[in-house]
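Chemist: This is the structure I have questions about; it appears just below.
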Amino acid sequence: MIFETLAPILLLITVGSVLAHLRFLGRDFISDLNKLVFWVTLPALIFVGVAQIGHAGGQTAKLIAALSASTIVVLALGWLAGRFLKLSGAGVGTLAQGAFRGNLAYIGIPVLAYAFADLSAVARSEEMATALLVMTSMTAIFNVLAVLALQGAQQKLGAGSATMIARSLATNPLIIACAAGLAFTFAGLRLPVFLSRTLETLGASAVPVALLCIGGSLATITLKGRRTAIIAAAVLKVFAAPLLAWIFCRLAGIEGPDLRIALVLSACPTAVASFVMAGRLSGDEALASGSIALSTVLSAASLALALWLS
């Protein structure tokens, strides 16, 4: 089951990377595909998943609390690691962000979609609705913590930070899609069949296209900068984060498919968005890109372990 779940993910990422190396997929085209996934196909998947496919499980709030707690601990460990390695303020913030900010939408959701494929239709819809709610909630938390980590390490926190956080949350299409789906559900509304099928078709394309984008993006990322810091960020992200998530989930009594959601999402590699945020907030871009590349390679082992443990 582990092989059948991860093999399609790794193969699609590899295909994207090979096509980018062969220049069949150009950098501009990959960038456009990323925009399509982020602004159109993933929001469609999330909206339909939350609004129509199923209701979330009863442990969703516990899951979000457990993952939030483990995220904060990992952030603190990343901060301490940066200080121990005597990095600059920009480096400390970037290492901390790389250690906690996972690629939940592009990696976590596809892995869970394959992992829950054998469940009954009702159970699968409930678990995927739970996963989507947890993913969007953690995305919002990541956006807040990223600004705090990067600007706090450089002693630049102020009124502008609060404005940036508010803007990033209010304009994030994944968060907007989740909120719209919840509103739709609570209002007891139903989409017309033609619109439902359109959104489902768009959402179905999100997984393969997102994975091709990850592979294409990796083809342009190199391991530059301080190797020790890159290794520290990657190891914290793919090994320490899921271990801490497992501990907090066990303390909260979370088991079964919900535990799988927590472990898979926490075992995801560093999000590509961390590089964008590092550039926007004067972070260490070389460290950010290196941690993305290395954590993505290592995540094959961490995701396999997450699936095995759950």
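Letters A, B, ... mark the chains of the structure tokens in the order given; residue numbers begin at 1 per chain; ligand numbers begin at 1, in order shown.
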Taking only segment 75-197 of chain A into account, list the residues labelled helix (DSSP H, G or I) by DSSP (computed from the backbone), as a PyMOL selection string.
Modeler: chain A and resi 75-84+89-100+104-115+121-153+159-170+173-186+193-197
Chemist: With a distance cut-off of 12 Å and only C-alpha atoms, select the neighbouring residues of Arg226 of chain A, excluding the residue or stretch itself and same-chain residues fewer than 5 positions from it, and output the selection as a list in words.
Modeler: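 The neighbour list is Gly82, Leu85, Lys86, Leu87, Ser88, Gly91, Val92, Leu95, Ile231, Ala232, Ala233, Asp284, Glu285, Ala286, Leu287, Ala288, Ser289, Gly290 and Ser291 of chain A.
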Chemist: Neighbouring residues of Ser68 of chain A were defined as those with any atom within 8 Å, considering only C-alpha atoms; residues of the same chain fewer than 4 positions away were excluded. Please report them as a list in words.
Modeler: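 Counting only the stated atoms, we get Ile64, Ile72, Met138 and Ile141 of chain A.
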Chemist: Return the single residue from A:Leu236, A:Leu218, A:Tyr106, A:Leu33 that is closest to Trp79 of chain A, with distances computed using only C-alpha atoms.
Modeler: A:Leu236
Chemist: Of the residues A:Pro242, A:Gly203, A:Gly279, A:Pro173, which is the one nearest to Leu67 of chain A, using only C-alpha atoms?
Modeler: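 Closest to Leu67 of chain A of all the choices is A:Pro242.
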Chemist: Using only C-alpha atoms, which protein or nucleic acid residues come within 12 Å of Phe100 of chain A? Drop anything in the same chain fewer than 6 positions from it, and give the result as a PyMOL selection string.
Modeler: chain A and resi 67-79+93-94+138-139+141-146+149+232-242+244-245+265-271+274+291-292+295
Chemist: For the atom pair atom CA of Gly188 of chain A and atom CA of Gly49 of chain A, what is the interatomic distance in Å to one decimal place?
Modeler: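 These two atoms are separated by 14.9 Å.
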Chemist: Set out as CSV a contact list for segment 130-221 of chain A and segment 246-264 of chain A with a cut-off of 10 Å, giving each residue of segment 130-221 of chain A that qualifies its closest atom pair and distance in Å to one decimal, counting only C-alpha atoms, ordered by chain and rising residue number.
Modeler:
```
residue,atom,partner,partner_atom,distance
A:Thr130,CA,A:Asp258,CA,8.1
A:Ala131,CA,A:Ile261,CA,6.2
A:Leu132,CA,A:Ile261,CA,9.8
A:Val134,CA,A:Ile261,CA,8.6
A:Met135,CA,A:Ile261,CA,9.4
```
Chemist: Write to file, as a PDB file, in the first residue's frame, the residues of the selection just made, with C-alpha atoms.
Modeler:
```
ATOM      1  CA  THR A 130     -11.135  16.653   7.171  1.00  0.00           C
ATOM      2  CA  ALA A 131      -7.773  16.763   5.386  1.00  0.00           C
ATOM      3  CA  LEU A 132      -8.790  19.800   3.341  1.00  0.00           C
ATOM      4  CA  VAL A 134      -6.815  20.871   8.332  1.00  0.00           C
ATOM      5  CA  MET A 135      -4.652  21.770   5.335  1.00  0.00           C
TER       6      MET A 135
END
```
Chemist: Using only C-alpha atoms, determine which residues lie at most 12 Å from Leu45 of chain A, disregarding the query and same-chain residues fewer than 4 positions distant; provide the list as a PyMOL selection string.
Modeler: chain A and resi 37-41+49-53+105-106+109-110+113+128-129+131-133+136+173-174+177-178+181+196-207
Chemist: Given the selection you just returned, output its residues as a file containing C-alpha atoms, formatted as a compact mmCIF listing (two decimals), in the first residue's frame.
Modeler:
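Heads up, here's the output in selection.txt:
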```
# COMPACT_ATOMS: atom_id res chain seq x y z
CA VAL A 37 -2.97 25.25 -9.66
CA PHE A 38 -2.81 27.84 -6.88
CA TRP A 39 -5.55 30.14 -8.14
CA VAL A 40 -7.93 27.79 -9.98
CA THR A 41 -7.65 24.00 -9.66
CA GLY A 49 -14.46 18.86 -1.04
CA VAL A 50 -15.69 21.03 1.80
CA ALA A 51 -19.05 22.10 0.37
CA GLN A 52 -20.34 18.93 -1.26
CA ILE A 53 -18.26 15.79 -1.00
CA ALA A 105 -1.45 21.39 -0.82
CA TYR A 106 0.92 20.13 -3.53
CA ILE A 109 -3.32 16.28 -0.34
CA PRO A 110 -2.19 14.12 -3.32
CA ALA A 113 -5.99 11.14 -1.94
CA MET A 128 -10.70 14.11 2.56
CA ALA A 129 -13.00 16.86 3.86
CA ALA A 131 -7.77 16.76 5.39
CA LEU A 132 -8.79 19.80 3.34
CA LEU A 133 -10.00 21.69 6.42
CA THR A 136 -6.23 25.20 4.84
CA PRO A 173 -7.29 31.48 -2.63
CA LEU A 174 -7.00 28.21 -0.69
CA ALA A 177 -12.15 28.47 -1.08
CA CYS A 178 -12.34 26.67 2.26
CA GLY A 181 -17.20 25.88 1.08
CA SER A 196 -20.68 20.90 -9.65
CA ARG A 197 -19.30 18.76 -12.48
CA THR A 198 -17.24 21.68 -13.79
CA LEU A 199 -15.62 22.29 -10.41
CA GLU A 200 -15.06 18.57 -9.83
CA THR A 201 -13.29 18.29 -13.19
CA LEU A 202 -11.10 21.28 -12.39
CA GLY A 203 -10.34 19.86 -8.96
CA ALA A 204 -9.43 16.47 -10.40
CA SER A 205 -6.67 18.10 -12.45
CA ALA A 206 -5.11 19.73 -9.38
CA VAL A 207 -3.19 16.67 -8.17
```
Chemist: Residues near segment 5-15 of chain A, anyone? I mean within 8 Å using only C-alpha atoms, not counting same-chain ones fewer than 3 positions away, as a list in words.
Modeler: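 My reading of the contact set: Met1, Ile2, Val18, Leu19, Ile107, Pro110, Val111, Tyr114, Ala115, Pro208, Leu211, Leu212, Cys213, Ile214, Gly215, Gly216, Ala300, Leu303 and Ala304 of chain A.
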Chemist: Quick one: of A:Ser31, A:Ser17, A:Gln97, A:Ser310, who's nearest to Gln151 of chain A, counting only C-alpha atoms?
Modeler: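 Residue with the minimum atom-to-atom distance to Gln151 of chain A: A:Gln97.
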Chemist: In Å to one decimal, how far is atom CA of Leu42 of chain A from atom CA of Phe116 of chain A?
Modeler: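 About the pair atom CA of Phe116 of chain A and atom CA of Leu42 of chain A: they are 18.3 Å apart.
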Chemist: Excluding same-chain residues fewer than 4 positions from Ala162 of chain A, what lies within 9 Å of it counting only C-alpha atoms, as a PyMOL selection string?
Modeler: chain A and resi 144+147+157-158+166-167
Chemist: Export N, CA and C atoms of the chosen residues as a compact mmCIF listing (two decimals), in the first residue's frame?
Modeler:
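Heads up, here's the output in result_17.txt:
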```txt
# COMPACT_ATOMS: atom_id res chain seq x y z
N VAL A 144 1.06 33.16 8.99
CA VAL A 144 1.29 34.03 10.15
C VAL A 144 2.68 33.79 10.74
N VAL A 147 5.82 35.12 8.68
CA VAL A 147 6.12 36.55 8.84
C VAL A 147 6.78 36.80 10.19
N LEU A 157 9.69 43.38 13.32
CA LEU A 157 8.27 43.28 13.60
C LEU A 157 7.69 44.65 13.94
N GLY A 158 6.49 44.90 13.43
CA GLY A 158 5.83 46.17 13.69
C GLY A 158 4.43 46.16 13.11
N ALA A 166 -2.43 40.03 7.59
CA ALA A 166 -3.85 40.16 7.23
C ALA A 166 -4.05 40.07 5.73
N ARG A 167 -3.17 40.71 4.97
CA ARG A 167 -3.29 40.68 3.51
C ARG A 167 -3.06 39.27 2.97
```
Chemist: Under the rule that only C-alpha atoms are counted, which of A:Ser302, A:Gln59, A:Gly89, A:Phe47 is the nearest residue to Lys156 of chain A?
Modeler: A:Gly89
